[in-house]
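Quick look at target_26.cif (mmCIF, C-alpha atoms and all ligand atoms; chains and numbers go by the auth columns):
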```cif
data_target
#
loop_
_atom_site.group_PDB
_atom_site.id
_atom_site.type_symbol
_atom_site.label_atom_id
_atom_site.label_comp_id
_atom_site.label_asym_id
_atom_site.label_seq_id
_atom_site.Cartn_x
_atom_site.Cartn_y
_atom_site.Cartn_z
_atom_site.B_iso_or_equiv
_atom_site.auth_seq_id
_atom_site.auth_asym_id
ATOM 1 C CA MET A 1 140.723 -25.296 304.905 0.00 2 A
ATOM 2 C CA THR A 2 139.299 -21.788 305.071 0.00 3 A
ATOM 3 C CA GLY A 3 138.190 -19.430 302.339 0.00 4 A
ATOM 4 C CA PRO A 4 136.081 -19.954 299.246 0.00 5 A
ATOM 5 C CA GLU A 5 136.411 -23.390 297.744 0.00 6 A
ATOM 6 C CA LEU A 6 135.178 -24.974 294.578 0.00 7 A
ATOM 7 C CA GLY A 7 132.287 -27.367 294.932 0.00 8 A
ATOM 8 C CA THR A 8 133.908 -30.149 292.937 0.00 9 A
ATOM 9 C CA ARG A 9 137.569 -31.045 292.870 0.00 10 A
ATOM 10 C CA ARG A 10 139.032 -29.761 289.624 0.00 11 A
ATOM 11 C CA ARG A 11 142.103 -31.092 287.896 0.00 12 A
ATOM 12 C CA VAL A 12 144.691 -28.604 286.702 0.00 13 A
ATOM 13 C CA LEU A 13 147.575 -29.505 284.420 0.00 14 A
ATOM 14 C CA VAL A 14 150.475 -27.220 285.330 0.00 15 A
ATOM 15 C CA VAL A 15 153.070 -26.859 282.571 0.00 16 A
ATOM 16 C CA GLU A 16 156.107 -25.379 284.312 0.00 17 A
ATOM 17 C CA ASP A 17 159.830 -26.129 284.195 0.00 18 A
ATOM 18 C CA ASN A 18 160.931 -23.996 287.140 0.00 19 A
ATOM 19 C CA PRO A 19 160.736 -25.790 290.523 0.00 20 A
ATOM 20 C CA VAL A 20 160.321 -22.571 292.527 0.00 21 A
ATOM 21 C CA ASN A 21 157.468 -21.329 290.340 0.00 22 A
ATOM 22 C CA LEU A 22 155.947 -24.777 290.427 0.00 23 A
ATOM 23 C CA GLU A 23 155.870 -24.888 294.221 0.00 24 A
ATOM 24 C CA LEU A 24 154.227 -21.468 294.450 0.00 25 A
ATOM 25 C CA THR A 25 151.642 -22.485 291.879 0.00 26 A
ATOM 26 C CA ARG A 26 151.050 -25.777 293.649 0.00 27 A
ATOM 27 C CA ALA A 27 150.493 -24.035 296.980 0.00 28 A
ATOM 28 C CA LEU A 28 147.964 -21.636 295.470 0.00 29 A
ATOM 29 C CA LEU A 29 146.083 -24.370 293.624 0.00 30 A
ATOM 30 C CA GLU A 30 145.959 -26.520 296.744 0.00 31 A
ATOM 31 C CA GLU A 31 144.340 -23.612 298.579 0.00 32 A
ATOM 32 C CA LEU A 32 141.670 -23.782 295.869 0.00 33 A
ATOM 33 C CA ASP A 33 141.351 -27.535 296.488 0.00 34 A
ATOM 34 C CA CYS A 34 142.508 -28.439 292.980 0.00 35 A
ATOM 35 C CA GLU A 35 144.090 -31.698 291.960 0.00 36 A
ATOM 36 C CA ILE A 36 147.423 -30.944 290.305 0.00 37 A
ATOM 37 C CA VAL A 37 149.215 -32.779 287.524 0.00 38 A
ATOM 38 C CA VAL A 38 152.594 -31.446 286.380 0.00 39 A
ATOM 39 C CA ALA A 39 154.270 -31.455 282.976 0.00 40 A
ATOM 40 C CA SER A 40 157.738 -29.908 282.728 0.00 41 A
ATOM 41 C CA THR A 41 157.614 -29.496 278.946 0.00 42 A
ATOM 42 C CA GLY A 42 154.967 -28.599 276.405 0.00 43 A
ATOM 43 C CA ASP A 43 155.610 -31.868 274.628 0.00 44 A
ATOM 44 C CA ALA A 44 154.883 -33.821 277.821 0.00 45 A
ATOM 45 C CA ALA A 45 151.695 -31.806 278.324 0.00 46 A
ATOM 46 C CA VAL A 46 150.472 -32.667 274.834 0.00 47 A
ATOM 47 C CA ARG A 47 151.292 -36.349 275.317 0.00 48 A
ATOM 48 C CA MET A 48 149.546 -36.693 278.693 0.00 49 A
ATOM 49 C CA LEU A 49 146.489 -34.604 277.856 0.00 50 A
ATOM 50 C CA ALA A 50 144.160 -37.398 276.775 0.00 51 A
ATOM 51 C CA SER A 51 144.835 -39.453 279.904 0.00 52 A
ATOM 52 C CA VAL A 52 144.910 -36.555 282.378 0.00 53 A
ATOM 53 C CA ARG A 53 141.762 -34.817 281.068 0.00 54 A
ATOM 54 C CA PRO A 54 142.344 -31.545 282.926 0.00 55 A
ATOM 55 C CA ASP A 55 139.644 -28.943 283.584 0.00 56 A
ATOM 56 C CA LEU A 56 142.232 -26.226 283.054 0.00 57 A
ATOM 57 C CA ILE A 57 145.825 -25.869 281.889 0.00 58 A
ATOM 58 C CA LEU A 58 148.242 -23.410 283.449 0.00 59 A
ATOM 59 C CA MET A 59 150.924 -22.750 280.862 0.00 60 A
ATOM 60 C CA ASP A 60 154.380 -21.273 281.376 0.00 61 A
ATOM 61 C CA VAL A 61 155.810 -19.605 278.250 0.00 62 A
ATOM 62 C CA GLN A 62 159.535 -20.203 278.548 0.00 63 A
ATOM 63 C CA LEU A 63 159.905 -23.961 278.418 0.00 64 A
ATOM 64 C CA PRO A 64 162.584 -26.300 277.075 0.00 65 A
ATOM 65 C CA GLY A 65 161.665 -27.388 273.550 0.00 66 A
ATOM 66 C CA MET A 66 158.425 -25.882 272.293 0.00 67 A
ATOM 67 C CA ASP A 67 157.370 -22.719 274.110 0.00 68 A
ATOM 68 C CA GLY A 68 154.039 -22.193 275.837 0.00 69 A
ATOM 69 C CA TYR A 69 152.404 -20.669 272.762 0.00 70 A
ATOM 70 C CA GLU A 70 153.411 -23.572 270.544 0.00 71 A
ATOM 71 C CA ALA A 71 152.261 -26.000 273.213 0.00 72 A
ATOM 72 C CA THR A 72 148.898 -24.231 273.446 0.00 73 A
ATOM 73 C CA ARG A 73 148.443 -24.443 269.679 0.00 74 A
ATOM 74 C CA ALA A 74 149.279 -28.141 269.773 0.00 75 A
ATOM 75 C CA ILE A 75 146.837 -28.712 272.633 0.00 76 A
ATOM 76 C CA LYS A 76 144.054 -26.825 270.864 0.00 77 A
ATOM 77 C CA ALA A 77 144.609 -28.958 267.772 0.00 78 A
ATOM 78 C CA ILE A 78 143.801 -32.271 269.482 0.00 79 A
ATOM 79 C CA PRO A 79 140.285 -33.308 270.539 0.00 80 A
ATOM 80 C CA ALA A 80 141.142 -33.771 274.220 0.00 81 A
ATOM 81 C CA GLY A 81 142.447 -30.214 274.403 0.00 82 A
ATOM 82 C CA ALA A 82 140.227 -28.160 272.121 0.00 83 A
ATOM 83 C CA ALA A 83 137.777 -27.146 274.863 0.00 84 A
ATOM 84 C CA VAL A 84 140.190 -26.933 277.796 0.00 85 A
ATOM 85 C CA PRO A 85 140.922 -23.364 278.896 0.00 86 A
ATOM 86 C CA VAL A 86 144.614 -22.494 278.845 0.00 87 A
ATOM 87 C CA VAL A 87 145.845 -19.753 281.164 0.00 88 A
ATOM 88 C CA VAL A 88 149.283 -18.474 280.209 0.00 89 A
ATOM 89 C CA VAL A 89 151.674 -17.302 282.905 0.00 90 A
ATOM 90 C CA THR A 90 154.637 -15.306 281.689 0.00 91 A
ATOM 91 C CA ALA A 91 157.322 -12.936 282.878 0.00 92 A
ATOM 92 C CA HIS A 92 156.966 -11.131 279.551 0.00 93 A
ATOM 93 C CA ALA A 93 154.365 -8.513 280.399 0.00 94 A
ATOM 94 C CA MET A 94 154.571 -6.584 277.139 0.00 95 A
ATOM 95 C CA ALA A 95 151.514 -6.249 274.924 0.00 96 A
ATOM 96 C CA HIS A 96 153.057 -8.450 272.245 0.00 97 A
ATOM 97 C CA ALA A 97 153.048 -11.442 274.597 0.00 98 A
ATOM 98 C CA ARG A 98 149.341 -10.948 275.243 0.00 99 A
ATOM 99 C CA VAL A 99 148.667 -10.944 271.500 0.00 100 A
ATOM 100 C CA LEU A 100 150.729 -14.100 271.031 0.00 101 A
ATOM 101 C CA ALA A 101 148.765 -15.775 273.815 0.00 102 A
ATOM 102 C CA GLN A 102 145.440 -14.837 272.245 0.00 103 A
ATOM 103 C CA GLU A 103 146.553 -15.983 268.809 0.00 104 A
ATOM 104 C CA ALA A 104 147.639 -19.322 270.241 0.00 105 A
ATOM 105 C CA GLY A 105 144.168 -19.851 271.699 0.00 106 A
ATOM 106 C CA CYS A 106 144.811 -19.035 275.344 0.00 107 A
ATOM 107 C CA SER A 107 141.840 -18.035 277.483 0.00 108 A
ATOM 108 C CA ALA A 108 143.661 -15.748 279.905 0.00 109 A
ATOM 109 C CA PHE A 109 147.021 -14.180 280.505 0.00 110 A
ATOM 110 C CA LEU A 110 148.771 -13.693 283.857 0.00 111 A
ATOM 111 C CA THR A 111 152.148 -12.143 284.508 0.00 112 A
ATOM 112 C CA LYS A 112 154.947 -13.110 286.875 0.00 113 A
ATOM 113 C CA PRO A 113 155.535 -12.332 289.654 0.00 114 A
ATOM 114 C CA ILE A 114 152.129 -13.828 290.419 0.00 115 A
ATOM 115 C CA ASP A 115 149.508 -11.536 291.927 0.00 116 A
ATOM 116 C CA VAL A 116 147.963 -14.017 294.365 0.00 117 A
ATOM 117 C CA GLN A 117 144.526 -12.413 294.427 0.00 118 A
ATOM 118 C CA LEU A 118 144.294 -12.129 290.647 0.00 119 A
ATOM 119 C CA PHE A 119 145.602 -15.657 290.211 0.00 120 A
ATOM 120 C CA LYS A 120 142.942 -17.111 292.497 0.00 121 A
ATOM 121 C CA GLU A 121 140.159 -15.050 290.955 0.00 122 A
ATOM 122 C CA THR A 122 141.186 -16.193 287.471 0.00 123 A
ATOM 123 C CA MET A 123 141.367 -19.836 288.519 0.00 124 A
ATOM 124 C CA ARG A 124 137.981 -19.654 290.222 0.00 125 A
ATOM 125 C CA CYS A 125 136.450 -18.019 287.176 0.00 126 A
ATOM 126 C CA PHE A 126 137.534 -20.779 284.780 0.00 127 A
ATOM 127 C CA LEU A 127 137.132 -23.689 287.184 0.00 128 A
ATOM 128 C CA THR A 128 133.656 -22.668 288.260 0.00 129 A
ATOM 129 C CA ALA A 129 132.599 -22.495 284.633 0.00 130 A
ATOM 130 C CA ALA A 130 134.192 -25.893 283.860 0.00 131 A
HETATM 131 MN MN MN B . 159.860 -21.552 282.358 0.00 1 B
#
```
Starting from the coordinates I provided, produce the structure as structure tokens.
Amino acid sequence: MTGPELGTRRRVLVVEDNPVNLELTRALLEELDCEIVVASTGDAAVRMLASVRPDLILMDVQLPGMDGYEATRAIKAIPAGAAVPVVVVTAHAMAHARVLAQEAGCSAFLTKPIDVQLFKETMRCFLTAA
């Protein structure tokens, strides 16, 4: 593999219900040498958090059941999730979505379609600090 890599393999919990988005995200995270665990709902993400112990959570907003903001609040409320950075990825680029993400406790906010360079820089930033 070429390009900058992280020194230690990091585990990322990807909360995404769309298979096409998931495959793009998976490809990008694999280029960063991350281990990937997938949850297709926020509820599943909350339930698997304590056993998965991710270094970072990538959170879609539009999900079946609770949305990504609700899921982030639920994650932040449990001990296994309180310190895990959550990066929200949403097609809703308006300022209001950014505010909602901040209020829910998200660490960063990315918009779809994914800017590959920005995505990788953001991942590296949080995973290097982990
Ligand atoms: Mn979705």
Item checked: A:Asp56, A:Asp61, A:Asp68, A:Asp34 ranked by distance to A:Glu17, top pick (using only C-alpha atoms) -> A:Asp61
Note to self: Between A:Arg125, A:Val62, A:Pro80, A:Leu29, which residue has the minimum interatomic distance to A:Thr112, considering all atoms listed in the file?
What the structure shows: A:Val62
Item checked: Contacts with ligand MN 1 (chain B) at most 10 Å, all atoms listed in the file counted, listed as JSON, numbers by chain -> {"A": [16, 17, 18, 19, 20, 22, 23, 41, 42, 60, 61, 62, 63, 64, 65, 68, 69, 90, 91, 92]}
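You will find atom CA of A:Arg11 at 6.8 Å from atom CA of A:Leu128.
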Notebook entry, point to check: If you measure from atom CA of A:Lys121 to atom CA of A:Ala102, what distance in Å do you get, rounded to one decimal?
Noted result: 19.6 Å
Checklist line | Residues selected by the PyMOL selection byres (((chain A and resi 77) around 12) and not hetatm), written as a list in words | finding: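 What the PyMOL selection byres (((chain A and resi 77) around 12) and not hetatm) grabs from the file is Ala46, Val47, Leu50, Ile58, Tyr70, Glu71, Ala72, Thr73, Arg74, Ala75, Ile76, Ala78, Ile79, Pro80, Ala81, Gly82, Ala83, Ala84, Val85, Pro86, Val87, Glu104, Ala105, Gly106, Cys107 and Ser108 of chain A.
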Next item on the list: For atom CA of A:Val38 and atom CA of A:Ala96, quote the distance in Å rounded to one decimal.
Entry: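 Taking atom CA of A:Val38 and atom CA of A:Ala96, their separation equals 29.5 Å.
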Margin query: I want to know what sits within 10 Å of A:Phe120, based on only C-alpha atoms, with residues of the same chain fewer than 3 positions away left out; could you give that as a count of residues only?
Written below: 15
Margin query: Let me make sure I understand: among A:Val15, A:Val39, A:Leu57, A:Met49, which one has the smallest atom-to-atom distance to A:Ala109 if we use only C-alpha atoms?
Written below: A:Leu57
Notebook entry, point to check: Nearest to A:Val89 among A:Ala45, A:Ala51, A:Leu101, A:Leu33, with distances taken over only C-alpha atoms: which residue is it?
Noted result: A:Leu101
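With all atoms listed in the file as the atoms that count, the residue of A:Glu24, A:Gly66, A:Lys113, A:Cys35 with the shortest distance to A:Thr9 is A:Cys35.
Among the candidate residues A:Arg48, A:Ala40, A:Arg54, A:His93, the one lying nearest to A:Pro114 is A:His93, with distances computed using only C-alpha atoms.
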